[in-house]
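Structure record follows, encoded as structure tokens.
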Amino acid sequence: MVATPSALGPSRVSAPIPPAGPGEAARVAAPAATPRAFLVERFADHLSLEAGHSPRTIEAYQRDIARLAAFASARGASGPAGVTPTLLREFVYFLKDLGLAPASIRRSISAVRTWYRFLLAEGAVREDPSERLDPPARWRTLPEVLSVTDVERLLAAPTLDDPLCFRDRAMLELGYGAGLRVSEWIGLGTKDVLFDDQLVRVFGKGGKERLVPIGRAAIAAVAVYLRELRPRLERGRGKGILFLNARGSPLSRMGAWKILRKYVEAAGLATAVSPHTLRHSFATHLLEGGADLRAVQEMLGHADIATTQLYTHIDREYLRQVHRQYHPRG
């Protein structure tokens, strides 16, 4: 029988959840009655008497479920039936914010799933909200993103001291300004920059064509490159490709990487930067500025809006960081 609030008595003495281990900075305060309402002790008895788990596993699982019980109780859940899939996902991110290692979070998720199997067998719940709870190993890694200040430093790194600076400046401006993949970067033709329309024509995956708006800085940089440098690089081997190497041939992927690496070092950026970093930064800065998600999807050439929604996770993390830094209760 599931304990009800009336059966728990009037006492609501606050007691801390057992810590996750050394170095855990945060605690979640839980009413003393919360473990009873969430059947934590009965779950531990089940693990010991029926499932045959080791004392160490039982202790860890009991601690994990006690922490979840406190977390859920603080958000209005009076028992296991009040725990939703959304609340479970928030709990996993809470564990991540505590600084727990992925292995510890995976164990907590395992404990939650085992707990729900027990609850279903006991008739304490009718559904298992943990069915689609992903462990850290399956989380999508958020891409590295440069700050606007770092992007500006990078774009300013090519100087007139380098004989190829006009090409390199145009490359960097377009790579960031249009959110290009490296294959798109090096595959642009001389006629793909539509100056009057302030657009660049891009052929993405599967040869799919899209038009991406570009700003005045990118337009000016490409115009200078086409006027001042590319005619001198062209030796009949350019094949109409926009960006050429010093020998007059179309730039390779490795060549683009080397050019970018050169200016990352010149700008003094500590972060590892790839051509895709510029693409991620392009998308993130647009969303942080309030751009419509579907507009960003179109500019990136994503067939599925779910792919673009990855960047909203970056934006959410940015908001969380701002809250932590500036809010008095952050």
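We label chains A, B, ... in the order they appear in the structure tokens, count residues from 1 in each chain, and number ligands from 1 in the order shown.
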Problem set entry | Those of stretch 47-288 of chain A in DSSP strand (DSSP E or B), formatted as a PyMOL selection string | chain A and resi 189+193-194+199-203+209-213+241+244+250
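Remark: for A:Gly255, the closest of the candidate residues A:Leu293, A:Met171, A:Ala267, A:Leu199 is A:Met171 (distances computed over only C-alpha atoms).
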Problem set entry | Spatial neighbours of stretch 221-232 of chain A, max dist 6 Å, only C-alpha atoms, sep filter under 2 positions, as an MDAnalysis selection string | chainID A and resid 166:167 170 218:219 234
Next, dump the selected residues to file, keeping only C-alpha atoms, as an mmCIF file, in the first residue's frame.
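Okay, this is what ended up in out.cif:
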```cif
data_model
loop_
_atom_site.group_PDB
_atom_site.id
_atom_site.type_symbol
_atom_site.label_atom_id
_atom_site.label_comp_id
_atom_site.auth_asym_id
_atom_site.auth_seq_id
_atom_site.Cartn_x
_atom_site.Cartn_y
_atom_site.Cartn_z
ATOM 1 C CA PHE A 166 42.621 39.262 -48.952
ATOM 2 C CA ARG A 167 41.742 35.616 -49.665
ATOM 3 C CA ALA A 170 37.187 36.709 -47.406
ATOM 4 C CA ALA A 218 31.593 39.569 -46.081
ATOM 5 C CA ILE A 219 30.536 41.208 -49.348
ATOM 6 C CA GLU A 234 44.448 32.095 -61.308
#
```
Problem set entry | Polymer residues at most 10 Å from A:Ile305, only C-alpha atoms, same-chain spacing of 6 or more positions, as a PyMOL selection string | chain A and resi 293-294+296-298
Dump of C-alpha atoms for the selected residues, as a short mmCIF file (atom, residue, chain, number, x, y, z; two decimals), in the first residue's frame:
```
data_model
loop_
_atom_site.label_atom_id
_atom_site.label_comp_id
_atom_site.auth_asym_id
_atom_site.auth_seq_id
_atom_site.Cartn_x
_atom_site.Cartn_y
_atom_site.Cartn_z
CA LEU A 293 14.49 28.95 -35.54
CA ARG A 294 13.09 28.05 -38.96
CA VAL A 296 18.20 29.55 -39.06
CA GLN A 297 17.24 26.05 -40.24
CA GLU A 298 16.95 27.34 -43.80
#
```
Exercise. Which is closest to A:Asp192 among A:Gly123, A:Gly206, A:Pro213, A:Gly179, if we use only C-alpha atoms?
Worked result: A:Pro213
For this session: Work out how far atom CA of A:Arg89 is from atom CA of A:His46, in Å to one decimal.
Result: 25.3 Å
Exercise. Got a sec to tell me which of stretch 133-309 of chain A DSSP assigns to helix (DSSP H, G or I), as a ChimeraX atom specification?
Worked result: /A:136-138,148-155,165-177,182-187,205-207,216-228,230-233,253-267,275-288,293-300,305-308
9 Å contact set for A:Val40, only C-alpha atoms, chain neighbours under 3 positions out, as a PDB file with N, CA and C atoms, in the first residue's frame:
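Saved result, out-v3.pdb, follows:
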```pdb
ATOM      1  N   THR A  34       9.443  12.280   3.237  1.00  0.00           N
ATOM      2  CA  THR A  34       9.516  12.062   1.795  1.00  0.00           C
ATOM      3  C   THR A  34       9.958  10.645   1.431  1.00  0.00           C
ATOM      4  N   PRO A  35      11.015  10.067   2.036  1.00  0.00           N
ATOM      5  CA  PRO A  35      11.399   8.698   1.672  1.00  0.00           C
ATOM      6  C   PRO A  35      10.274   7.688   1.856  1.00  0.00           C
ATOM      7  N   ARG A  36       9.433   7.882   2.880  1.00  0.00           N
ATOM      8  CA  ARG A  36       8.304   6.968   3.083  1.00  0.00           C
ATOM      9  C   ARG A  36       7.292   7.119   1.961  1.00  0.00           C
ATOM     10  N   ALA A  37       6.990   8.358   1.584  1.00  0.00           N
ATOM     11  CA  ALA A  37       6.005   8.597   0.532  1.00  0.00           C
ATOM     12  C   ALA A  37       6.473   8.026  -0.806  1.00  0.00           C
ATOM     13  N   PHE A  43      11.826  -0.157  -1.217  1.00  0.00           N
ATOM     14  CA  PHE A  43      12.641  -0.429  -2.394  1.00  0.00           C
ATOM     15  C   PHE A  43      13.967  -1.060  -1.988  1.00  0.00           C
ATOM     16  N   ALA A  44      14.585  -0.536  -0.924  1.00  0.00           N
ATOM     17  CA  ALA A  44      15.844  -1.104  -0.440  1.00  0.00           C
ATOM     18  C   ALA A  44      15.649  -2.542   0.033  1.00  0.00           C
ATOM     19  N   ASP A  45      14.531  -2.804   0.728  1.00  0.00           N
ATOM     20  CA  ASP A  45      14.247  -4.172   1.167  1.00  0.00           C
ATOM     21  C   ASP A  45      14.083  -5.104  -0.041  1.00  0.00           C
ATOM     22  N   GLN A  62      19.649   3.331  -3.009  1.00  0.00           N
ATOM     23  CA  GLN A  62      18.782   3.977  -2.023  1.00  0.00           C
ATOM     24  C   GLN A  62      19.099   5.471  -1.944  1.00  0.00           C
ATOM     25  N   ARG A  63      20.369   5.801  -2.001  1.00  0.00           N
ATOM     26  CA  ARG A  63      20.770   7.212  -1.979  1.00  0.00           C
ATOM     27  C   ARG A  63      20.259   7.936  -3.228  1.00  0.00           C
ATOM     28  N   ILE A  65      17.640   7.221  -5.130  1.00  0.00           N
ATOM     29  CA  ILE A  65      16.190   7.405  -5.121  1.00  0.00           C
ATOM     30  C   ILE A  65      15.780   8.414  -4.047  1.00  0.00           C
ATOM     31  N   ALA A  66      16.512   8.449  -2.933  1.00  0.00           N
ATOM     32  CA  ALA A  66      16.224   9.461  -1.910  1.00  0.00           C
ATOM     33  C   ALA A  66      16.468  10.863  -2.468  1.00  0.00           C
ATOM     34  N   ALA A  69      13.606  11.622  -4.761  1.00  0.00           N
ATOM     35  CA  ALA A  69      12.398  11.891  -3.983  1.00  0.00           C
ATOM     36  C   ALA A  69      12.395  13.325  -3.476  1.00  0.00           C
ATOM     37  N   TRP A 115      13.869   1.141  -9.793  1.00  0.00           N
ATOM     38  CA  TRP A 115      12.828   1.590  -8.853  1.00  0.00           C
ATOM     39  C   TRP A 115      11.455   1.529  -9.510  1.00  0.00           C
TER      40      TRP A 115
END
```
For this session: Tell me which protein, DNA and RNA residues are within 7 Å of A:Tyr263, counting only C-alpha atoms, leaving out same-chain ones fewer than 2 positions away, and put them as an MDAnalysis selection string.
Result: chainID A and resid 154 157:158 259:261 265:267
Exercise. With only C-alpha atoms as the atoms that count, which of A:Glu50, A:Asp162, A:Asp150, A:Asp196 lies nearest to A:Thr271?
Worked result: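 Of A:Glu50, A:Asp162, A:Asp150, A:Asp196, the one nearest A:Thr271 is A:Asp150, counting only C-alpha atoms.
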For this session: To one decimal in Å, tell me the separation between atom CA of A:Leu251 and atom CA of A:Ser281.
Result: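 Value for the atom CA of A:Leu251-atom CA of A:Ser281 distance: 22.9 Å.
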For this session: Determine the nearest neighbour of A:Gly240 from the options A:Arg279, A:Arg132, A:Lys205, A:Lys191, counting only C-alpha atoms.
Result: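 Of A:Arg279, A:Arg132, A:Lys205, A:Lys191, the one nearest A:Gly240 is A:Lys191, counting only C-alpha atoms.
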